[in-house]
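Asker: Provided herewith: coords.tsv, TSV, C-alpha atoms and all ligand atoms.
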```tsv
chain	number	residue	atom	x	y	z
A	1	MET	CA	77.10	100.88	65.43
A	2	ASN	CA	78.43	103.49	62.99
A	3	ASP	CA	79.40	101.52	59.87
A	4	ARG	CA	80.53	104.39	57.67
A	5	PRO	CA	83.54	102.89	55.90
A	6	GLY	CA	85.52	106.08	56.46
A	7	GLY	CA	84.63	106.61	60.10
A	8	ARG	CA	87.24	104.41	61.76
A	9	ILE	CA	89.00	105.22	65.01
A	10	LEU	CA	92.71	104.53	65.45
A	11	LEU	CA	93.41	103.53	69.05
A	12	SER	CA	97.08	103.90	70.00
A	13	THR	CA	97.92	103.64	73.68
A	14	THR	CA	101.53	103.04	74.64
A	15	GLY	CA	101.82	102.09	78.29
A	16	PHE	CA	98.06	101.46	78.71
A	17	ARG	CA	96.41	98.11	78.13
A	18	PRO	CA	94.12	98.96	75.23
A	19	GLN	CA	91.66	96.05	75.54
A	20	LEU	CA	88.94	97.76	77.56
A	21	TRP	CA	89.24	100.98	75.54
A	22	TYR	CA	89.02	98.86	72.37
A	23	ASP	CA	85.97	96.93	73.60
A	24	LEU	CA	84.05	100.02	74.68
A	25	LEU	CA	84.88	102.11	71.60
A	26	SER	CA	84.31	99.28	69.14
A	27	ALA	CA	80.86	98.60	70.60
A	28	GLU	CA	79.86	101.87	68.90
A	29	ARG	CA	82.30	102.50	66.05
A	30	PRO	CA	84.88	100.58	64.01
A	31	VAL	CA	88.28	100.68	65.71
A	32	VAL	CA	91.75	99.68	64.53
A	33	LEU	CA	95.04	99.44	66.41
A	34	GLU	CA	97.20	100.10	63.32
A	35	PRO	CA	96.49	102.04	60.11
A	36	ASP	CA	96.34	100.12	56.83
A	37	GLY	CA	99.49	101.24	55.07
A	38	ASP	CA	100.96	104.70	54.83
A	39	ASP	CA	97.91	106.83	54.12
A	40	ASP	CA	94.88	105.03	55.44
A	41	PRO	CA	91.81	106.93	54.12
A	42	THR	CA	89.39	105.22	56.51
A	43	ILE	CA	90.59	106.72	59.80
A	44	GLU	CA	88.90	109.93	60.92
A	45	TYR	CA	89.69	109.96	64.61
A	46	ALA	CA	92.64	108.96	66.77
A	47	VAL	CA	92.31	108.13	70.47
A	48	VAL	CA	95.80	108.13	71.89
A	49	TRP	CA	98.22	107.98	74.78
A	50	LYS	CA	101.89	108.41	73.78
A	51	GLN	CA	101.31	107.42	70.18
A	52	PRO	CA	104.46	106.45	68.26
A	53	PRO	CA	105.96	109.56	66.56
A	54	GLY	CA	104.89	109.92	62.93
A	55	LEU	CA	101.90	107.59	63.26
A	56	LEU	CA	99.24	110.30	63.02
A	57	ALA	CA	100.96	111.97	60.06
A	58	ARG	CA	100.04	108.85	58.07
A	59	LEU	CA	96.31	109.59	58.35
A	60	PRO	CA	95.31	112.09	55.62
A	61	TYR	CA	91.58	112.04	56.57
A	62	LEU	CA	92.10	112.50	60.29
A	63	LYS	CA	89.60	115.00	61.76
A	64	ALA	CA	90.49	115.07	65.45
A	65	ILE	CA	92.86	113.58	68.01
A	66	PHE	CA	91.52	112.63	71.46
A	67	SER	CA	93.90	112.31	74.40
A	68	ILE	CA	92.75	109.62	76.78
A	69	GLY	CA	94.06	111.79	79.61
A	70	ALA	CA	93.78	115.38	80.77
A	71	GLY	CA	97.37	116.05	79.74
A	72	VAL	CA	98.47	116.32	76.12
A	73	ASP	CA	102.25	116.58	76.42
A	74	HIS	CA	102.44	112.93	75.33
A	75	ILE	CA	100.81	113.95	72.03
A	76	PHE	CA	103.01	116.99	71.49
A	77	ALA	CA	106.09	114.78	71.94
A	78	ASP	CA	105.44	113.77	68.31
A	79	PRO	CA	107.26	116.24	66.01
A	80	ASP	CA	105.08	115.19	63.03
A	81	LEU	CA	101.65	116.05	64.37
A	82	PRO	CA	98.99	116.72	61.74
A	83	ASP	CA	97.17	120.04	62.01
A	84	VAL	CA	93.83	118.82	63.40
A	85	PRO	CA	92.13	119.69	66.71
A	86	ILE	CA	93.44	117.94	69.81
A	87	VAL	CA	90.83	117.25	72.47
A	88	ARG	CA	91.83	116.52	76.07
A	89	MET	CA	89.82	114.79	78.77
A	90	VAL	CA	87.80	116.86	81.18
A	91	ALA	CA	85.56	114.57	83.22
A	92	ASP	CA	83.95	114.67	86.65
A	93	ASN	CA	85.32	111.24	87.45
A	94	LEU	CA	88.91	112.26	86.67
A	95	THR	CA	88.57	115.54	88.55
A	96	GLN	CA	87.13	113.73	91.57
A	97	HIS	CA	90.06	111.31	91.65
A	98	MET	CA	92.57	114.15	91.54
A	99	THR	CA	90.72	116.03	94.26
A	100	GLU	CA	90.85	112.92	96.44
A	101	TYR	CA	94.59	112.55	95.83
A	102	VAL	CA	95.32	116.20	96.63
A	103	VAL	CA	93.18	116.20	99.79
A	104	TRP	CA	94.76	112.90	100.90
A	105	ARG	CA	98.31	114.18	100.46
A	106	VAL	CA	97.63	117.65	101.90
A	107	LEU	CA	96.02	116.11	104.98
A	108	ASP	CA	98.85	113.61	105.40
A	109	HIS	CA	101.44	116.41	105.40
A	110	HIS	CA	99.24	118.65	107.53
A	111	ARG	CA	98.46	115.91	110.10
A	112	GLN	CA	102.11	114.75	110.07
A	113	GLY	CA	101.52	111.25	108.74
A	114	ALA	CA	105.23	110.60	108.17
A	115	LEU	CA	106.06	111.51	111.77
A	116	TYR	CA	103.30	109.30	113.18
A	117	ARG	CA	104.36	106.38	110.96
A	118	SER	CA	107.92	106.70	112.27
A	119	HIS	CA	106.57	106.85	115.85
A	120	GLN	CA	104.48	103.75	115.24
A	121	ASN	CA	107.53	101.87	113.89
A	122	ARG	CA	109.29	102.68	117.17
A	123	LYS	CA	106.17	102.08	119.35
A	124	LEU	CA	106.26	105.69	120.54
A	125	TRP	CA	103.10	107.13	122.13
A	126	ARG	CA	103.71	110.81	121.37
A	127	GLU	CA	101.52	113.69	120.34
A	128	PRO	CA	103.31	116.47	118.45
A	129	PRO	CA	101.75	119.97	118.28
A	130	GLN	CA	99.15	120.18	115.51
A	131	PRO	CA	98.32	123.52	113.87
A	132	PRO	CA	94.74	123.97	112.68
A	133	ALA	CA	94.08	124.03	108.93
A	134	GLU	CA	93.25	127.73	109.08
A	135	ASN	CA	96.89	128.44	109.99
A	136	VAL	CA	98.25	126.50	107.01
A	137	SER	CA	98.28	127.74	103.42
A	138	VAL	CA	98.13	125.45	100.43
A	139	GLY	CA	99.36	126.94	97.16
A	140	ILE	CA	98.14	125.37	93.95
A	141	MET	CA	100.25	125.85	90.82
A	142	GLY	CA	97.76	125.51	87.97
A	143	LEU	CA	94.26	126.77	88.61
A	144	GLY	CA	92.67	124.79	85.79
A	145	GLN	CA	90.00	122.09	85.88
A	146	LEU	CA	91.90	120.05	88.45
A	147	GLY	CA	93.46	122.87	90.44
A	148	ARG	CA	90.16	124.69	90.94
A	149	ALA	CA	88.37	121.55	92.12
A	150	ALA	CA	91.17	120.78	94.58
A	151	ALA	CA	91.11	124.38	95.81
A	152	LYS	CA	87.38	124.15	96.52
A	153	ALA	CA	87.79	120.94	98.54
A	154	LEU	CA	90.70	122.40	100.53
A	155	LEU	CA	88.74	125.57	101.29
A	156	SER	CA	85.92	123.44	102.66
A	157	LEU	CA	88.46	121.85	105.05
A	158	GLY	CA	89.44	125.27	106.35
A	159	PHE	CA	92.87	125.71	104.72
A	160	GLN	CA	94.06	129.04	103.39
A	161	VAL	CA	94.30	128.49	99.65
A	162	ASN	CA	96.53	130.30	97.15
A	163	GLY	CA	96.56	129.79	93.39
A	164	TRP	CA	98.95	130.56	90.56
A	165	SER	CA	98.16	130.43	86.86
A	166	ARG	CA	99.47	131.76	83.53
A	167	THR	CA	96.66	134.24	83.01
A	168	GLU	CA	94.70	136.02	85.70
A	169	ARG	CA	92.14	133.74	87.40
A	170	ARG	CA	89.80	134.71	90.19
A	171	MET	CA	88.18	132.29	92.58
A	172	ASP	CA	86.10	133.00	95.69
A	173	GLY	CA	88.11	132.43	98.85
A	174	VAL	CA	91.38	131.83	96.99
A	175	THR	CA	94.21	134.36	96.85
A	176	THR	CA	95.49	134.27	93.30
A	177	TRP	CA	98.60	135.35	91.44
A	178	HIS	CA	99.59	134.83	87.85
A	179	GLY	CA	102.54	134.95	85.50
A	180	GLU	CA	106.22	135.26	86.25
A	181	LYS	CA	105.72	138.34	88.44
A	182	GLY	CA	103.20	136.57	90.63
A	183	LEU	CA	105.29	133.47	91.24
A	184	THR	CA	107.54	134.66	94.07
A	185	PRO	CA	104.76	136.25	96.20
A	186	PHE	CA	102.67	133.10	95.63
A	187	LEU	CA	105.51	130.86	96.83
A	188	ASN	CA	106.38	133.13	99.76
A	189	ALA	CA	102.81	132.72	101.02
A	190	THR	CA	102.67	128.92	100.63
A	191	ASP	CA	103.31	126.12	103.17
A	192	ILE	CA	102.14	123.15	101.08
A	193	LEU	CA	102.78	123.45	97.35
A	194	VAL	CA	100.51	121.42	95.05
A	195	VAL	CA	101.70	121.23	91.44
A	196	LEU	CA	98.90	120.68	88.92
A	197	LEU	CA	100.47	122.33	85.89
A	198	PRO	CA	100.67	120.88	82.40
A	199	TYR	CA	104.12	120.06	81.05
A	200	THR	CA	104.97	122.60	78.33
A	201	THR	CA	108.12	124.38	77.17
A	202	ALA	CA	107.24	127.14	79.65
A	203	THR	CA	106.83	124.85	82.67
A	204	GLU	CA	109.65	122.35	82.11
A	205	GLY	CA	111.79	122.02	85.25
A	206	ILE	CA	109.89	124.78	87.04
A	207	VAL	CA	109.96	122.89	90.36
A	208	ASN	CA	113.65	123.34	91.06
A	209	TYR	CA	115.88	124.24	94.00
A	210	ASP	CA	115.43	127.97	93.51
A	211	LEU	CA	111.63	127.69	93.47
A	212	LEU	CA	111.52	125.41	96.52
A	213	GLY	CA	113.74	127.90	98.36
A	214	LYS	CA	111.03	130.55	98.00
A	215	LEU	CA	108.35	128.59	99.86
A	216	ARG	CA	107.38	129.87	103.31
A	217	ARG	CA	109.75	128.41	105.89
A	218	ASP	CA	108.40	129.90	109.11
A	219	GLY	CA	104.94	128.34	108.85
A	220	GLU	CA	103.42	126.24	111.63
A	221	LEU	CA	104.18	122.92	109.91
A	222	GLY	CA	107.89	123.39	110.58
A	223	GLY	CA	108.83	123.56	106.90
A	224	PRO	CA	107.22	123.53	103.46
A	225	CYS	CA	105.94	120.41	101.69
A	226	LEU	CA	105.67	119.62	97.98
A	227	ILE	CA	102.99	117.60	96.19
A	228	ASN	CA	103.48	117.04	92.44
A	229	ALA	CA	100.69	115.32	90.53
A	230	GLY	CA	101.16	117.31	87.30
A	231	ARG	CA	104.03	115.83	85.32
A	232	GLY	CA	107.48	114.51	86.20
A	233	LYS	CA	109.26	116.84	83.79
A	234	LEU	CA	107.94	119.82	85.73
A	235	GLN	CA	110.39	118.91	88.48
A	236	ARG	CA	114.14	118.50	88.84
A	237	GLY	CA	114.43	115.36	90.94
A	238	ASP	CA	117.98	116.08	92.10
A	239	ASP	CA	116.93	119.54	93.26
A	240	ILE	CA	114.07	118.07	95.30
A	241	LEU	CA	116.47	115.64	96.98
A	242	ARG	CA	118.93	118.45	97.70
A	243	ALA	CA	116.17	120.66	99.11
A	244	LEU	CA	115.06	117.81	101.40
A	245	ASP	CA	118.64	117.20	102.56
A	246	ASP	CA	119.17	120.92	103.16
A	247	ASP	CA	115.89	121.19	105.12
A	248	ILE	CA	114.60	123.73	102.63
A	249	LEU	CA	111.80	121.25	102.03
A	250	LYS	CA	110.26	119.22	104.84
A	251	GLU	CA	108.52	116.45	102.87
A	252	ALA	CA	107.32	115.58	99.38
A	253	SER	CA	104.52	113.52	97.84
A	254	LEU	CA	105.39	112.66	94.26
A	255	ASP	CA	103.00	110.95	91.85
A	256	VAL	CA	105.01	111.76	88.72
A	257	PHE	CA	108.69	111.46	87.82
A	258	GLU	CA	111.14	112.50	85.12
A	259	GLU	CA	111.49	108.81	84.27
A	260	GLU	CA	108.45	106.51	84.58
A	261	PRO	CA	108.20	103.84	85.80
A	262	LEU	CA	110.47	105.15	88.54
A	263	PRO	CA	113.70	103.07	88.21
A	264	PRO	CA	114.44	100.71	91.14
A	265	GLU	CA	117.68	102.58	91.90
A	266	SER	CA	115.90	105.93	92.37
A	267	PRO	CA	116.54	107.36	95.86
A	268	PHE	CA	112.90	108.51	95.97
A	269	TRP	CA	111.72	104.94	96.63
A	270	THR	CA	113.38	104.76	100.03
A	271	HIS	CA	113.68	108.41	101.05
A	272	PRO	CA	112.13	108.82	104.52
A	273	LYS	CA	110.69	112.24	103.61
A	274	VAL	CA	109.15	111.18	100.29
A	275	PHE	CA	105.83	109.49	99.59
A	276	VAL	CA	105.72	107.83	96.15
A	277	THR	CA	102.69	106.84	94.06
A	278	PRO	CA	103.06	105.44	90.51
A	279	HIS	CA	101.39	108.16	88.39
A	280	ALA	CA	98.10	107.04	89.83
A	281	ALA	CA	96.60	110.26	91.19
A	282	ALA	CA	93.80	110.28	88.62
A	283	THR	CA	93.97	107.36	86.26
A	284	SER	CA	91.78	107.57	83.16
A	285	ASP	CA	88.83	105.20	83.47
A	286	PRO	CA	87.54	104.09	80.06
A	287	HIS	CA	84.09	103.32	81.50
A	288	HIS	CA	83.70	107.04	82.20
A	289	LEU	CA	85.75	108.51	79.36
A	290	VAL	CA	84.76	106.45	76.30
A	291	PRO	CA	81.12	107.67	76.37
A	292	LEU	CA	82.41	111.28	76.51
A	293	ILE	CA	84.70	110.69	73.52
A	294	LEU	CA	81.94	109.01	71.50
A	295	GLU	CA	79.46	111.77	72.33
A	296	GLN	CA	81.96	114.36	71.12
A	297	MET	CA	82.43	112.53	67.81
A	298	THR	CA	78.69	112.32	67.24
A	299	ALA	CA	78.14	115.99	68.13
A	300	PHE	CA	81.04	116.99	65.85
A	301	GLU	CA	79.45	115.09	62.97
A	302	ARG	CA	76.21	117.01	63.63
A	303	GLY	CA	78.25	120.19	63.10
A	304	GLU	CA	78.77	121.12	66.74
A	305	PRO	CA	82.19	122.40	67.85
A	306	LEU	CA	84.54	120.07	69.72
A	307	ARG	CA	84.95	120.86	73.43
A	308	ASN	CA	88.17	120.95	75.48
A	309	VAL	CA	90.32	121.56	72.43
A	310	VAL	CA	93.88	122.40	73.47
A	311	ASN	CA	95.71	125.56	72.50
A	312	ARG	CA	98.56	124.36	70.29
A	313	GLU	CA	100.57	127.51	70.80
A	314	GLU	CA	100.49	127.24	74.61
A	315	GLY	CA	100.82	123.43	74.50
A	316	TYR	CA	97.95	122.65	76.88
A	401	LIG	P1	94.03	122.83	82.68
A	401	LIG	O1	94.51	123.07	81.28
A	401	LIG	O2	92.58	122.92	82.96
A	401	LIG	O3	94.78	123.82	83.68
A	401	LIG	C1	96.14	124.09	83.58
A	401	LIG	C2	96.46	125.22	84.54
A	401	LIG	O4	97.88	125.44	84.49
A	401	LIG	C3	95.80	126.55	84.15
A	401	LIG	O5	95.41	127.26	85.29
A	401	LIG	C4	96.93	127.28	83.44
A	401	LIG	O6	96.84	128.70	83.48
A	401	LIG	C5	98.12	126.82	84.24
A	401	LIG	N1	99.35	127.00	83.46
A	401	LIG	C6	99.71	126.47	82.28
A	401	LIG	N2	100.90	126.93	81.88
A	401	LIG	C7	101.31	127.79	82.83
A	401	LIG	C8	102.45	128.60	82.98
A	401	LIG	N3	103.42	128.65	82.06
A	401	LIG	N4	102.53	129.39	84.09
A	401	LIG	C9	101.56	129.37	85.01
A	401	LIG	N5	100.44	128.62	84.94
A	401	LIG	C10	100.33	127.84	83.85
A	401	LIG	O7	94.61	121.40	83.08
A	401	LIG	P2	94.03	120.36	84.15
A	401	LIG	O8	93.80	121.08	85.42
A	401	LIG	O9	92.91	119.58	83.57
A	401	LIG	O10	95.28	119.35	84.28
A	401	LIG	C11	96.54	119.81	84.71
A	401	LIG	C12	97.59	118.73	84.50
A	401	LIG	O11	97.42	117.67	85.44
A	401	LIG	C13	97.55	117.99	83.16
A	401	LIG	O12	98.14	118.75	82.12
A	401	LIG	C14	98.34	116.73	83.46
A	401	LIG	O13	99.71	116.95	83.20
A	401	LIG	C15	98.14	116.54	84.96
A	401	LIG	N6	97.37	115.33	85.27
A	401	LIG	C16	97.98	114.34	86.02
A	401	LIG	C17	97.29	113.21	86.37
A	401	LIG	C18	97.91	112.19	87.24
A	401	LIG	O14	97.34	111.11	87.41
A	401	LIG	N7	99.03	112.46	87.87
A	401	LIG	C19	95.91	113.00	85.91
A	401	LIG	C20	95.36	114.08	85.17
A	401	LIG	C21	96.10	115.19	84.84
A	401	LIG	P3	95.61	129.47	82.83
A	401	LIG	O15	94.44	129.21	83.77
A	401	LIG	O16	96.02	130.88	82.84
A	401	LIG	O17	95.39	128.88	81.47
A	402	LIG	C1	96.42	112.49	82.55
A	402	LIG	C2	97.19	111.53	83.35
A	402	LIG	O1	97.00	113.38	81.93
A	402	LIG	O2	96.62	110.50	83.78
A	402	LIG	O3	95.17	112.36	82.52
A	402	LIG	O4	98.36	111.77	83.61
```
Translate this structure into structure tokens?

Answerer:
Amino acid sequence: MNDRPGGRILLSTTGFRPQLWYDLLSAERPVVLEPDGDDDPTIEYAVVWKQPPGLLARLPYLKAIFSIGAGVDHIFADPDLPDVPIVRMVADNLTQHMTEYVVWRVLDHHRQGALYRSHQNRKLWREPPQPPAENVSVGIMGLGQLGRAAAKALLSLGFQVNGWSRTERRMDGVTTWHGEKGLTPFLNATDILVVLLPYTTATEGIVNYDLLGKLRRDGELGGPCLINAGRGKLQRGDDILRALDDDILKEASLDVFEEEPLPPESPFWTHPKVFVTPHAAATSDPHHLVPLILEQMTAFERGEPLRNVVNREEGY
């Protein structure tokens, strides 16, 4: 137990039950859920998910902010952020979960899960034509920690894999494009689009009608499919619905939404071409992540640099 009076952690997790995070962190270091007053000198670290705006500005001795997820848009939503490093989660366990989600959804679209489920409902014994994976291309928007791991798994299943990123990224077996110029050729070559981008000012609303209209429409699946596990604000929900109605898009798997939880009246819940999961593609598991956070704090105090620090200018 680290008992330095100044070394307290502020844990602020809106929308997550904090108990397990609290128990695991406080087994090693003192943890509080609220600062003492308006400039608490005892708090050196914050571990957060959607912290209330202005909260971190009240901590004059704060040394680092840890996101309990891979994404950090929930931190940047605070206009009063203090100028300290922001560390995001990069963890094998999280990456593995996302890879499972992407492979699951790609295979379901590829193997026509929605069609078979509708056949089963009608007791129809029918076998539609099934293209092999090598004739289907999966395009991953965001070739970061999660995108690269998903790409590797999809390659091992035999899919053609394309990738798109902000800066140039190379990956064996993957055809890559980057930047604004690379977006249209990337989309034109893609049957199943997987969105694993961070939500930033540059990516807001990027998955819109115009973008969906550029996906390959003459592929062997009979129309392009969309999988978004990045962030809800990357997409325009109404545009996705319109693209589905206009047969520009064949099907969609959506894990994230502009408004979460998805309101009961949302047409996505009942849309026959949409598969909904509740932002559960790769949930942060404190059993795996708390040790990584604590190790980083200890290494930082030994004078080592923090890892996975986000670029404030780029917002991810
Ligand atoms: P990384 O930061 O490792 O990768 C982000 C990728 O997106 C990079 O390839 C980056 O390009 C690319 N990118 C960023 N901005 C742009 C842009 N303007 N144009 C083109 N490409 C861009 O992030 P992770 O892979 O770890 O995570 C990605 C996102 O997944 C998270 O930000 C989070 O929102 C989401 N997520 C969702 C979860 C869920 O349960 N649904 C769970 C975990 C994460 P470059 O390589 O050039 O930097
Ligand atoms: C994350 C998430 O960013 O779970 O890790 O969305």

Asker: Could you tell me which of A:Arg312, A:Lys214, A:Arg231, A:Lys50 comes closest to ligand LIG 402 (chain A) if we count all atoms listed in the file?

Answerer: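 Using all atoms listed in the file, ligand LIG 402 (chain A) sits closest to A:Arg231.
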
Asker: Using all atoms listed in the file, which residues sit within 9 Å of A:Glu44 once same-chain residues fewer than 5 positions away are excluded, as a list in words?

Answerer: Gly6, Gly7, Arg8, Ile9, Leu10, Leu59, Pro60, Tyr61, Leu62, Lys63, Ala64 and Ile65 of chain A

Asker: I'd like the interatomic distance between atom CA of A:Gly223 and atom CA of A:Leu249, to a tenth of an Å.

Answerer: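 These two atoms are separated by 6.2 Å.
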
Asker: Need the shell around A:Ala153: protein/DNA/RNA residues with any atom at most 12 Å away, counting only C-alpha atoms. Skip same-chain ones fewer than 3 positions apart. Format as a ChimeraX atom specification?

Answerer: /A:95-96,98-104,106-107,138,146-150,156-161,173-174

Asker: Write the selection just made, keeping C-alpha atoms, as a PDB file, keeping the file's coordinate frame?

Answerer:
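Final output, saved to result.pdb:
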```
ATOM      1  CA  THR A  95      88.570 115.540  88.550  1.00  0.00           C
ATOM      2  CA  GLN A  96      87.130 113.730  91.570  1.00  0.00           C
ATOM      3  CA  MET A  98      92.570 114.150  91.540  1.00  0.00           C
ATOM      4  CA  THR A  99      90.720 116.030  94.260  1.00  0.00           C
ATOM      5  CA  GLU A 100      90.850 112.920  96.440  1.00  0.00           C
ATOM      6  CA  TYR A 101      94.590 112.550  95.830  1.00  0.00           C
ATOM      7  CA  VAL A 102      95.320 116.200  96.630  1.00  0.00           C
ATOM      8  CA  VAL A 103      93.180 116.200  99.790  1.00  0.00           C
ATOM      9  CA  TRP A 104      94.760 112.900 100.900  1.00  0.00           C
ATOM     10  CA  VAL A 106      97.630 117.650 101.900  1.00  0.00           C
ATOM     11  CA  LEU A 107      96.020 116.110 104.980  1.00  0.00           C
ATOM     12  CA  VAL A 138      98.130 125.450 100.430  1.00  0.00           C
ATOM     13  CA  LEU A 146      91.900 120.050  88.450  1.00  0.00           C
ATOM     14  CA  GLY A 147      93.460 122.870  90.440  1.00  0.00           C
ATOM     15  CA  ARG A 148      90.160 124.690  90.940  1.00  0.00           C
ATOM     16  CA  ALA A 149      88.370 121.550  92.120  1.00  0.00           C
ATOM     17  CA  ALA A 150      91.170 120.780  94.580  1.00  0.00           C
ATOM     18  CA  SER A 156      85.920 123.440 102.660  1.00  0.00           C
ATOM     19  CA  LEU A 157      88.460 121.850 105.050  1.00  0.00           C
ATOM     20  CA  GLY A 158      89.440 125.270 106.350  1.00  0.00           C
ATOM     21  CA  PHE A 159      92.870 125.710 104.720  1.00  0.00           C
ATOM     22  CA  GLN A 160      94.060 129.040 103.390  1.00  0.00           C
ATOM     23  CA  VAL A 161      94.300 128.490  99.650  1.00  0.00           C
ATOM     24  CA  GLY A 173      88.110 132.430  98.850  1.00  0.00           C
ATOM     25  CA  VAL A 174      91.380 131.830  96.990  1.00  0.00           C
TER      26      VAL A 174
END
```

Asker: Let me make sure I understand: among A:Glu204, A:Asp238, A:Glu251, A:Glu259, which one has the smallest atom-to-atom distance to ligand LIG 401 (chain A) if we use all atoms listed in the file?

Answerer: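 Closest residue, counting all atoms listed in the file: A:Glu204.
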